[in-house]
Amino acid sequence: MLVFTSVAVFLFSAIALVVASGFSLGAGMLVLGSLALLARRPAPFRLERQDGFLIAVLAIYFAVGIASNLIHAAPAREYDAPLRFLLAIPALLLLLAYPPRPTAFWSGLALGGIGAGLFGAWQFFVGGEMRPGGTTNPIQYGNISMVLGVLCLCGLSWAQRQPHRSFWTCMLGAGMFAGLAGSLLTGSRGSWLGLPVCLIIFLVHHAGTASGRLLRGGVLAFCVALAVLWMIPQSGLKARIQLALTEAGDYMAHGNADSSVGARLEMWRAGVAMLPGHWLLGWGKQGMLDRKAELVRQGAAAPSIEEHTHLHNEYLDALVKHGLPGLLAVSALYLAPLRLFARHLRHPDHAVGDYALAGTLLVVSYLAFGLTQAFLTHNNGVMIFAFMTVILWANLRTRMRLAVA
C-alpha cells in the first residue's frame, strides 16, 4: 500500500498541468485507495487533535456549500466543488495510514514544475500563443504553475540532506525555475501577487540555517532572472504590469470597465452593491448572475461584467453567493491550515519544517490568488488546494512520528 500511495502522490503533481485534469488521477487513486481502510481493524493509524481540526474544517466547508446550494435550489453540478473537499478527508486518512515516500512527493513536484514550464514555453515560443494556458486557461495555469514552482523551492532544503544531493538540488531547482517561468509566461498578474511574500517567508525561515547561504543564492538567482525579464521587452513582464496600472487609473478616472483590470474593479463595485439585504444567506450563484444582469440592464453596472460567473475575488464572491457563512467557511479553509502548518515552522526536525513551509506557502499563494480570482470556483483550483493540503499535512505528521520514535 505504501507503493500505491507513493505512486498516487507522485502522479498528482507530476502530470497536474501537462495532461488535461492530470491532478485527478492521483487524487482519484487516493480516494479509491482509502476504501482499503475499511478492511483494517483496528485502523493502522491514530488521529490526533490537529488532524481532527483539519478534517473538521474540510467538512464544514463542504457542509456550508451544500446547505447554500439547497437553500438556493442550485443545479446538481454546483455540488461538485464542495464534494471534492469531503473526498479529501478519506485521502488524508489513507495517507496517514500508509505515508508515501518523500522521494515520490518531491520528485513529482519537480517533474510537475518542469513540465509546466516546458509546456508553457512550447505554447509561447512555438505555438505563438501570447498567453499560454495549457489545457486550461492562462489564469488557472499561471496559478498552479506558480504553486508547483514555490513548493519546489521549499524542497531545496530537503535536497541538501539527501545522499544524492546534487541530483535532487538540480531537479527541484529546475522545477522551481520552470514552474515560476511557466507562470510568468501566462501573463497572469494575479499569480504573481503572492510571490514576493512567499520569497520573504522562505528567506526568513532559512535565515541562520546551515544551508541558508545556498538557498539564499537560489532565490537571488531567480530575482536576477526576474530583473532581466523585466528589462527585456519581448518577455511582456514589464508591459503587463504597466498595463494593469494604466487600466486601473483609467477606471478610477473615467469609469472605463472595458479592460481586464477595469472589469474586475467594476465587478467588485457591483458585488458590494448586491450585499444589502443578503448578508446572511447570499444570492446563490444563479441569483448573483441574475442580479448582476439586472444591474447591467438598469445601467448601474457596465456590460463588460455580465459574462463572468464569479466576481474575481474569492472573499467577495463567497460573501455575495453564500452570505456570511460562506465568507467564514472560505476564511477558515485558508486560515486553519495556515495556523496548523505555521506552528511547525521551527520544529527541530528540518524535514518537518520543510513540509510546514510548503504548506504555509501553499496557503499564502491561495490567499493572494483570491484577491483577483475566485480560484475555488474552478475544479483545478479546488483539487490542487484540497489534496495538496492533505498530502503535505500527512507528510508532516508522518515525519513528526518518526522524529519522536
# chains A, B, ... in the order shown; residues from 1 in each chain; ligands from 1

call {"tool": "residues_around", "arguments": {"residues": "Met383 of chain A", "least_positions_apart": "3", "cutoff": "9 Å", "atoms": "only C-alpha atoms", "output": "PyMOL selection string"}}
result
chain A and resi 23-24+27+81+84-85+88+376+378-380+386-388

call {"tool": "residues_around", "arguments": {"residues": "Phe124 of chain A", "least_positions_apart": "3", "cutoff": "12 Å", "atoms": "only C-alpha atoms", "output": "ChimeraX atom specification"}}
result
/A:117-121,127-134,138,181-187,234-236

call {"tool": "write_last_selection", "arguments": {"atoms": "N, CA and C atoms", "output": "mmCIF file, in the first residue's frame"}}
result
data_model
loop_
_atom_site.group_PDB
_atom_site.id
_atom_site.type_symbol
_atom_site.label_atom_id
_atom_site.label_comp_id
_atom_site.auth_asym_id
_atom_site.auth_seq_id
_atom_site.Cartn_x
_atom_site.Cartn_y
_atom_site.Cartn_z
ATOM 1 N N GLY A 117 6.578 24.397 -16.993
ATOM 2 C CA GLY A 117 7.397 25.401 -17.661
ATOM 3 C C GLY A 117 7.628 25.070 -19.126
ATOM 4 N N LEU A 118 7.933 23.810 -19.421
ATOM 5 C CA LEU A 118 8.197 23.410 -20.806
ATOM 6 C C LEU A 118 6.938 23.499 -21.664
ATOM 7 N N PHE A 119 5.812 23.078 -21.103
ATOM 8 C CA PHE A 119 4.551 23.138 -21.848
ATOM 9 C C PHE A 119 4.187 24.589 -22.161
ATOM 10 N N GLY A 120 4.337 25.460 -21.152
ATOM 11 C CA GLY A 120 4.048 26.873 -21.372
ATOM 12 C C GLY A 120 4.991 27.485 -22.386
ATOM 13 N N ALA A 121 6.272 27.129 -22.300
ATOM 14 C CA ALA A 121 7.259 27.662 -23.244
ATOM 15 C C ALA A 121 6.968 27.195 -24.668
ATOM 16 N N GLY A 127 4.051 27.615 -30.421
ATOM 17 C CA GLY A 127 2.643 27.742 -30.808
ATOM 18 C C GLY A 127 2.198 29.167 -31.057
ATOM 19 N N GLY A 128 3.014 30.142 -30.639
ATOM 20 C CA GLY A 128 2.683 31.537 -30.882
ATOM 21 C C GLY A 128 1.568 32.089 -30.011
ATOM 22 N N GLU A 129 1.247 31.390 -28.897
ATOM 23 C CA GLU A 129 0.204 31.877 -28.000
ATOM 24 C C GLU A 129 0.799 32.923 -27.059
ATOM 25 N N MET A 130 0.263 34.110 -27.085
ATOM 26 C CA MET A 130 0.804 35.184 -26.269
ATOM 27 C C MET A 130 0.566 34.943 -24.782
ATOM 28 N N ARG A 131 -0.498 34.203 -24.464
ATOM 29 C CA ARG A 131 -0.770 33.861 -23.064
ATOM 30 C C ARG A 131 -1.086 32.366 -22.988
ATOM 31 N N PRO A 132 -0.055 31.522 -22.899
ATOM 32 C CA PRO A 132 -0.284 30.078 -22.861
ATOM 33 C C PRO A 132 -1.127 29.677 -21.654
ATOM 34 N N GLY A 133 -1.977 28.677 -21.870
ATOM 35 C CA GLY A 133 -2.850 28.216 -20.782
ATOM 36 C C GLY A 133 -2.919 26.710 -20.679
ATOM 37 N N GLY A 134 -2.020 26.001 -21.377
ATOM 38 C CA GLY A 134 -2.022 24.547 -21.313
ATOM 39 C C GLY A 134 -3.361 23.993 -21.753
ATOM 40 N N PRO A 138 -5.203 30.680 -19.078
ATOM 41 C CA PRO A 138 -3.946 31.252 -18.593
ATOM 42 C C PRO A 138 -3.922 31.568 -17.100
ATOM 43 N N ALA A 181 8.665 30.235 -14.202
ATOM 44 C CA ALA A 181 8.720 30.754 -15.572
ATOM 45 C C ALA A 181 7.416 30.467 -16.307
ATOM 46 N N GLY A 182 6.860 29.266 -16.082
ATOM 47 C CA GLY A 182 5.580 28.931 -16.707
ATOM 48 C C GLY A 182 4.487 29.904 -16.299
ATOM 49 N N SER A 183 4.508 30.312 -15.039
ATOM 50 C CA SER A 183 3.527 31.286 -14.568
ATOM 51 C C SER A 183 3.761 32.651 -15.207
ATOM 52 N N LEU A 184 5.006 33.070 -15.298
ATOM 53 C CA LEU A 184 5.312 34.368 -15.889
ATOM 54 C C LEU A 184 4.912 34.417 -17.359
ATOM 55 N N LEU A 185 5.090 33.296 -18.070
ATOM 56 C CA LEU A 185 4.761 33.262 -19.493
ATOM 57 C C LEU A 185 3.266 33.446 -19.735
ATOM 58 N N THR A 186 2.434 33.043 -18.777
ATOM 59 C CA THR A 186 0.983 33.181 -18.958
ATOM 60 C C THR A 186 0.535 34.635 -18.896
ATOM 61 N N GLY A 187 1.365 35.486 -18.313
ATOM 62 C CA GLY A 187 0.965 36.877 -18.153
ATOM 63 C C GLY A 187 -0.127 37.064 -17.121
ATOM 64 N N GLN A 234 10.447 41.821 -24.970
ATOM 65 C CA GLN A 234 9.775 40.655 -25.536
ATOM 66 C C GLN A 234 9.146 39.749 -24.472
ATOM 67 N N SER A 235 9.629 39.843 -23.237
ATOM 68 C CA SER A 235 9.088 38.983 -22.191
ATOM 69 C C SER A 235 7.659 39.373 -21.820
ATOM 70 N N GLY A 236 7.312 40.639 -22.010
ATOM 71 C CA GLY A 236 5.965 41.112 -21.703
ATOM 72 C C GLY A 236 5.718 41.372 -20.228
#

call {"tool": "atom_distance", "arguments": {"atom1": "atom CA of Gly108 of chain A", "atom2": "atom CA of Ala20 of chain A"}}
result
16.6 Å

call {"tool": "closest_residue", "arguments": {"among": "A:Cys198, A:Thr135, A:Val31, A:Gly249", "to": "Gln123 of chain A", "atoms": "only C-alpha atoms"}}
result
A:Thr135

call {"tool": "residues_around", "arguments": {"residues": "Ala318 of chain A", "least_positions_apart": "5", "cutoff": "8 Å", "atoms": "only C-alpha atoms", "output": "PyMOL selection string"}}
result
chain A and resi 323+326-327+330

call {"tool": "residues_around", "arguments": {"residues": "Ala332 of chain A", "least_positions_apart": "3", "cutoff": "12 Å", "atoms": "only C-alpha atoms", "output": "list in words"}}
result
Phe53, Leu54, Ile55, Ala56, Val57, Leu58, Ala59, Ile60, Tyr61, Phe62, Val64, Tyr315, Pro325, Gly326, Leu327, Leu328, Ala329, Leu335, Ala336, Pro337, Leu338, Arg339, Leu340, Val363 and Leu367 of chain A

call {"tool": "write_last_selection", "arguments": {"atoms": "N, CA and C atoms", "output": "compact mmCIF listing (two decimals), in the first residue's frame"}}
result
# COMPACT_ATOMS: atom_id res chain seq x y z
N PHE A 53 -8.86 18.73 13.64
CA PHE A 53 -9.11 20.13 13.34
C PHE A 53 -9.16 20.35 11.83
N LEU A 54 -8.18 19.77 11.12
CA LEU A 54 -8.15 19.91 9.66
C LEU A 54 -9.36 19.21 9.03
N ILE A 55 -9.68 18.02 9.50
CA ILE A 55 -10.83 17.29 8.98
C ILE A 55 -12.12 18.08 9.20
N ALA A 56 -12.25 18.69 10.36
CA ALA A 56 -13.45 19.47 10.68
C ALA A 56 -13.59 20.66 9.73
N VAL A 57 -12.48 21.32 9.42
CA VAL A 57 -12.54 22.48 8.52
C VAL A 57 -12.97 22.05 7.13
N LEU A 58 -12.43 20.95 6.63
CA LEU A 58 -12.83 20.45 5.31
C LEU A 58 -14.31 20.08 5.30
N ALA A 59 -14.77 19.43 6.39
CA ALA A 59 -16.17 19.02 6.46
C ALA A 59 -17.09 20.23 6.56
N ILE A 60 -16.70 21.24 7.31
CA ILE A 60 -17.53 22.44 7.47
C ILE A 60 -17.65 23.18 6.13
N TYR A 61 -16.54 23.29 5.41
CA TYR A 61 -16.61 23.96 4.10
C TYR A 61 -17.57 23.21 3.18
N PHE A 62 -17.49 21.89 3.20
CA PHE A 62 -18.42 21.07 2.42
C PHE A 62 -19.86 21.31 2.86
N VAL A 64 -21.27 23.85 4.45
CA VAL A 64 -21.77 25.19 4.13
C VAL A 64 -22.12 25.28 2.65
N TYR A 315 -13.18 36.20 -1.74
CA TYR A 315 -13.85 36.53 -0.49
C TYR A 315 -15.17 37.26 -0.76
N PRO A 325 -21.95 32.95 6.22
CA PRO A 325 -21.42 31.59 6.40
C PRO A 325 -20.41 31.20 5.33
N GLY A 326 -20.67 31.63 4.09
CA GLY A 326 -19.74 31.32 3.01
C GLY A 326 -18.40 32.00 3.20
N LEU A 327 -18.42 33.27 3.60
CA LEU A 327 -17.18 34.00 3.84
C LEU A 327 -16.40 33.39 5.00
N LEU A 328 -17.10 33.04 6.08
CA LEU A 328 -16.45 32.43 7.23
C LEU A 328 -15.87 31.06 6.86
N ALA A 329 -16.58 30.31 6.02
CA ALA A 329 -16.11 28.98 5.63
C ALA A 329 -14.83 29.07 4.80
N LEU A 335 -7.27 29.85 6.68
CA LEU A 335 -6.56 30.25 7.89
C LEU A 335 -6.27 29.09 8.83
N ALA A 336 -7.16 28.09 8.87
CA ALA A 336 -6.92 26.94 9.76
C ALA A 336 -5.69 26.13 9.33
N PRO A 337 -5.58 25.73 8.04
CA PRO A 337 -4.35 25.05 7.63
C PRO A 337 -3.11 25.93 7.78
N LEU A 338 -3.27 27.24 7.54
CA LEU A 338 -2.13 28.14 7.70
C LEU A 338 -1.62 28.09 9.13
N ARG A 339 -2.53 28.10 10.09
CA ARG A 339 -2.13 28.02 11.50
C ARG A 339 -1.48 26.67 11.80
N LEU A 340 -2.05 25.59 11.28
CA LEU A 340 -1.50 24.26 11.54
C LEU A 340 -0.08 24.12 11.01
N VAL A 363 -0.83 27.98 1.21
CA VAL A 363 -1.97 28.78 1.66
C VAL A 363 -1.76 30.25 1.34
N LEU A 367 -4.21 32.63 -0.78
CA LEU A 367 -4.75 33.87 -0.23
C LEU A 367 -4.51 35.02 -1.21

call {"tool": "residues_around", "arguments": {"residues": "Leu96 of chain A", "least_positions_apart": "6", "cutoff": "12 Å", "atoms": "only C-alpha atoms", "output": "list in words"}}
result
Met1, Leu2, Thr5, Leu30, Ser34, Leu37, Ala43, Pro44, Phe45, Arg46, Leu47, Glu48, Asp51, Ile89, Pro90, Val390, Ile391, Leu392, Trp393, Ala394, Asn395, Leu396, Arg397, Thr398, Arg399, Met400 and Arg401 of chain A

call {"tool": "write_last_selection", "arguments": {"atoms": "N, CA and C atoms", "output": "PDB file, in the first residue's frame"}}
result
ATOM      1  N   MET A   1       0.830  -1.214   0.000  1.00  0.00           N
ATOM      2  CA  MET A   1       0.000   0.000   0.000  1.00  0.00           C
ATOM      3  C   MET A   1       0.864   1.263   0.000  1.00  0.00           C
ATOM      4  N   LEU A   2       2.067   1.174   0.566  1.00  0.00           N
ATOM      5  CA  LEU A   2       2.964   2.332   0.563  1.00  0.00           C
ATOM      6  C   LEU A   2       3.369   2.690  -0.860  1.00  0.00           C
ATOM      7  N   THR A   5       0.297   4.568  -2.497  1.00  0.00           N
ATOM      8  CA  THR A   5       0.162   5.981  -2.126  1.00  0.00           C
ATOM      9  C   THR A   5       1.311   6.811  -2.694  1.00  0.00           C
ATOM     10  N   LEU A  30      -6.108   8.069  -4.517  1.00  0.00           N
ATOM     11  CA  LEU A  30      -6.109   8.188  -3.060  1.00  0.00           C
ATOM     12  C   LEU A  30      -7.505   7.953  -2.490  1.00  0.00           C
ATOM     13  N   SER A  34      -8.555   4.635  -0.262  1.00  0.00           N
ATOM     14  CA  SER A  34      -8.985   4.778   1.128  1.00  0.00           C
ATOM     15  C   SER A  34     -10.002   3.710   1.515  1.00  0.00           C
ATOM     16  N   LEU A  37      -9.015   1.007   3.960  1.00  0.00           N
ATOM     17  CA  LEU A  37      -9.017   1.225   5.406  1.00  0.00           C
ATOM     18  C   LEU A  37     -10.218   0.565   6.074  1.00  0.00           C
ATOM     19  N   ALA A  43      -7.692   0.437  12.950  1.00  0.00           N
ATOM     20  CA  ALA A  43      -7.070   1.256  11.910  1.00  0.00           C
ATOM     21  C   ALA A  43      -5.568   1.364  12.172  1.00  0.00           C
ATOM     22  N   PRO A  44      -4.756   1.347  11.105  1.00  0.00           N
ATOM     23  CA  PRO A  44      -3.297   1.388  11.270  1.00  0.00           C
ATOM     24  C   PRO A  44      -2.741   2.793  11.520  1.00  0.00           C
ATOM     25  N   PHE A  45      -3.513   3.650  12.143  1.00  0.00           N
ATOM     26  CA  PHE A  45      -3.042   4.990  12.466  1.00  0.00           C
ATOM     27  C   PHE A  45      -3.899   5.529  13.605  1.00  0.00           C
ATOM     28  N   ARG A  46      -3.424   6.602  14.199  1.00  0.00           N
ATOM     29  CA  ARG A  46      -4.174   7.225  15.295  1.00  0.00           C
ATOM     30  C   ARG A  46      -4.329   8.711  15.013  1.00  0.00           C
ATOM     31  N   LEU A  47      -5.557   9.160  15.025  1.00  0.00           N
ATOM     32  CA  LEU A  47      -5.808  10.571  14.792  1.00  0.00           C
ATOM     33  C   LEU A  47      -5.465  11.389  16.027  1.00  0.00           C
ATOM     34  N   GLU A  48      -4.865  12.546  15.802  1.00  0.00           N
ATOM     35  CA  GLU A  48      -4.594  13.486  16.878  1.00  0.00           C
ATOM     36  C   GLU A  48      -5.493  14.702  16.725  1.00  0.00           C
ATOM     37  N   ASP A  51      -5.194  16.674  13.528  1.00  0.00           N
ATOM     38  CA  ASP A  51      -5.806  16.015  12.374  1.00  0.00           C
ATOM     39  C   ASP A  51      -7.314  16.263  12.368  1.00  0.00           C
ATOM     40  N   ILE A  89     -10.935  14.081   2.738  1.00  0.00           N
ATOM     41  CA  ILE A  89     -10.828  13.534   4.096  1.00  0.00           C
ATOM     42  C   ILE A  89     -10.410  12.067   4.078  1.00  0.00           C
ATOM     43  N   PRO A  90     -11.087  11.172   3.330  1.00  0.00           N
ATOM     44  CA  PRO A  90     -10.589   9.789   3.280  1.00  0.00           C
ATOM     45  C   PRO A  90      -9.200   9.684   2.673  1.00  0.00           C
ATOM     46  N   VAL A 390      -3.828  18.057   2.148  1.00  0.00           N
ATOM     47  CA  VAL A 390      -3.825  16.821   2.939  1.00  0.00           C
ATOM     48  C   VAL A 390      -2.551  16.012   2.689  1.00  0.00           C
ATOM     49  N   ILE A 391      -2.002  16.096   1.491  1.00  0.00           N
ATOM     50  CA  ILE A 391      -0.734  15.401   1.214  1.00  0.00           C
ATOM     51  C   ILE A 391       0.381  15.988   2.074  1.00  0.00           C
ATOM     52  N   LEU A 392       0.478  17.302   2.095  1.00  0.00           N
ATOM     53  CA  LEU A 392       1.523  17.955   2.882  1.00  0.00           C
ATOM     54  C   LEU A 392       1.331  17.694   4.376  1.00  0.00           C
ATOM     55  N   TRP A 393       0.072  17.739   4.823  1.00  0.00           N
ATOM     56  CA  TRP A 393      -0.180  17.522   6.250  1.00  0.00           C
ATOM     57  C   TRP A 393       0.164  16.092   6.646  1.00  0.00           C
ATOM     58  N   ALA A 394      -0.205  15.119   5.822  1.00  0.00           N
ATOM     59  CA  ALA A 394       0.117  13.721   6.126  1.00  0.00           C
ATOM     60  C   ALA A 394       1.629  13.506   6.141  1.00  0.00           C
ATOM     61  N   ASN A 395       2.342  14.131   5.208  1.00  0.00           N
ATOM     62  CA  ASN A 395       3.807  14.017   5.200  1.00  0.00           C
ATOM     63  C   ASN A 395       4.412  14.613   6.466  1.00  0.00           C
ATOM     64  N   LEU A 396       3.891  15.765   6.857  1.00  0.00           N
ATOM     65  CA  LEU A 396       4.387  16.419   8.066  1.00  0.00           C
ATOM     66  C   LEU A 396       4.149  15.554   9.297  1.00  0.00           C
ATOM     67  N   ARG A 397       2.932  15.036   9.420  1.00  0.00           N
ATOM     68  CA  ARG A 397       2.598  14.220  10.594  1.00  0.00           C
ATOM     69  C   ARG A 397       3.407  12.932  10.636  1.00  0.00           C
ATOM     70  N   THR A 398       3.643  12.337   9.470  1.00  0.00           N
ATOM     71  CA  THR A 398       4.448  11.112   9.405  1.00  0.00           C
ATOM     72  C   THR A 398       5.878  11.386   9.885  1.00  0.00           C
ATOM     73  N   ARG A 399       6.421  12.482   9.413  1.00  0.00           N
ATOM     74  CA  ARG A 399       7.787  12.829   9.803  1.00  0.00           C
ATOM     75  C   ARG A 399       7.868  13.132  11.298  1.00  0.00           C
ATOM     76  N   MET A 400       6.835  13.760  11.845  1.00  0.00           N
ATOM     77  CA  MET A 400       6.833  14.043  13.273  1.00  0.00           C
ATOM     78  C   MET A 400       6.814  12.743  14.093  1.00  0.00           C
ATOM     79  N   ARG A 401       6.061  11.755  13.624  1.00  0.00           N
ATOM     80  CA  ARG A 401       6.032  10.458  14.314  1.00  0.00           C
ATOM     81  C   ARG A 401       7.399   9.799  14.281  1.00  0.00           C
TER      82      ARG A 401
END

call {"tool": "atom_distance", "arguments": {"atom1": "atom CA of His164 of chain A", "atom2": "atom CA of Ala116 of chain A"}}
result
24.5 Å

call {"tool": "residues_around", "arguments": {"residues": "Arg346 of chain A", "least_positions_apart": "3", "cutoff": "10 Å", "atoms": "only C-alpha atoms", "output": "list in words"}}
result
His205, His206, Ala342, Arg343, Asp349, His350, Val352, Gly353, Asp354, Ala356 and Leu357 of chain A

call {"tool": "write_last_selection", "arguments": {"atoms": "N, CA and C atoms", "output": "compact mmCIF listing (two decimals), in the first residue's frame"}}
result
# COMPACT_ATOMS: atom_id res chain seq x y z
N HIS A 205 12.57 32.09 7.03
CA HIS A 205 12.56 30.73 7.60
C HIS A 205 13.95 30.11 7.60
N HIS A 206 14.72 30.35 6.55
CA HIS A 206 16.03 29.71 6.44
C HIS A 206 17.18 30.60 6.92
N ALA A 342 2.03 26.67 10.06
CA ALA A 342 2.96 27.69 10.56
C ALA A 342 3.48 27.37 11.96
N ARG A 343 2.69 26.70 12.76
CA ARG A 343 3.14 26.39 14.12
C ARG A 343 4.28 25.38 14.14
N ASP A 349 13.18 19.05 13.82
CA ASP A 349 13.44 18.18 12.67
C ASP A 349 13.25 19.00 11.40
N HIS A 350 14.30 19.16 10.62
CA HIS A 350 14.24 20.03 9.44
C HIS A 350 13.27 19.53 8.38
N VAL A 352 10.38 18.15 8.95
CA VAL A 352 9.07 18.66 9.37
C VAL A 352 8.94 20.12 8.95
N GLY A 353 10.01 20.88 9.16
CA GLY A 353 10.00 22.29 8.78
C GLY A 353 9.80 22.49 7.28
N ASP A 354 10.37 21.59 6.46
CA ASP A 354 10.20 21.70 5.01
C ASP A 354 8.74 21.55 4.62
N ALA A 356 6.17 21.98 6.61
CA ALA A 356 5.43 23.10 7.21
C ALA A 356 5.57 24.35 6.35
N LEU A 357 6.78 24.58 5.84
CA LEU A 357 7.00 25.74 4.98
C LEU A 357 6.21 25.60 3.68

call {"tool": "atom_distance", "arguments": {"atom1": "atom CA of Arg77 of chain A", "atom2": "atom CA of Leu289 of chain A"}}
result
16.0 Å

call {"tool": "select_by_dssp", "arguments": {"residues": "segment 211-311 of chain A", "states": "helix (DSSP H, G or I)", "output": "PyMOL selection string"}}
result
chain A and resi 212-231+233-235+237-254+260-274+285-297+303-305

call {"tool": "residues_around", "arguments": {"residues": "Pro196 of chain A", "least_positions_apart": "5", "cutoff": "12 Å", "atoms": "only C-alpha atoms", "output": "compact mmCIF listing (two decimals) with C-alpha atoms, in the first residue's frame"}}
result
# COMPACT_ATOMS: atom_id res chain seq x y z
CA MET A 146 3.34 29.18 -9.57
CA VAL A 150 7.08 27.67 -4.97
CA SER A 191 -0.40 34.67 -9.95
CA ILE A 201 8.80 33.97 4.26
CA PHE A 202 11.23 31.49 2.69
CA LEU A 203 14.27 33.68 3.39
CA VAL A 219 16.42 32.98 -4.52
CA PHE A 222 15.72 33.85 -9.50
CA CYS A 223 15.40 37.54 -8.63
CA LEU A 226 13.23 38.21 -13.00
CA LEU A 361 3.39 28.96 1.19
CA VAL A 364 -0.25 32.17 1.26
CA SER A 365 -0.31 31.68 -2.52
CA ALA A 368 -3.03 36.07 -2.82
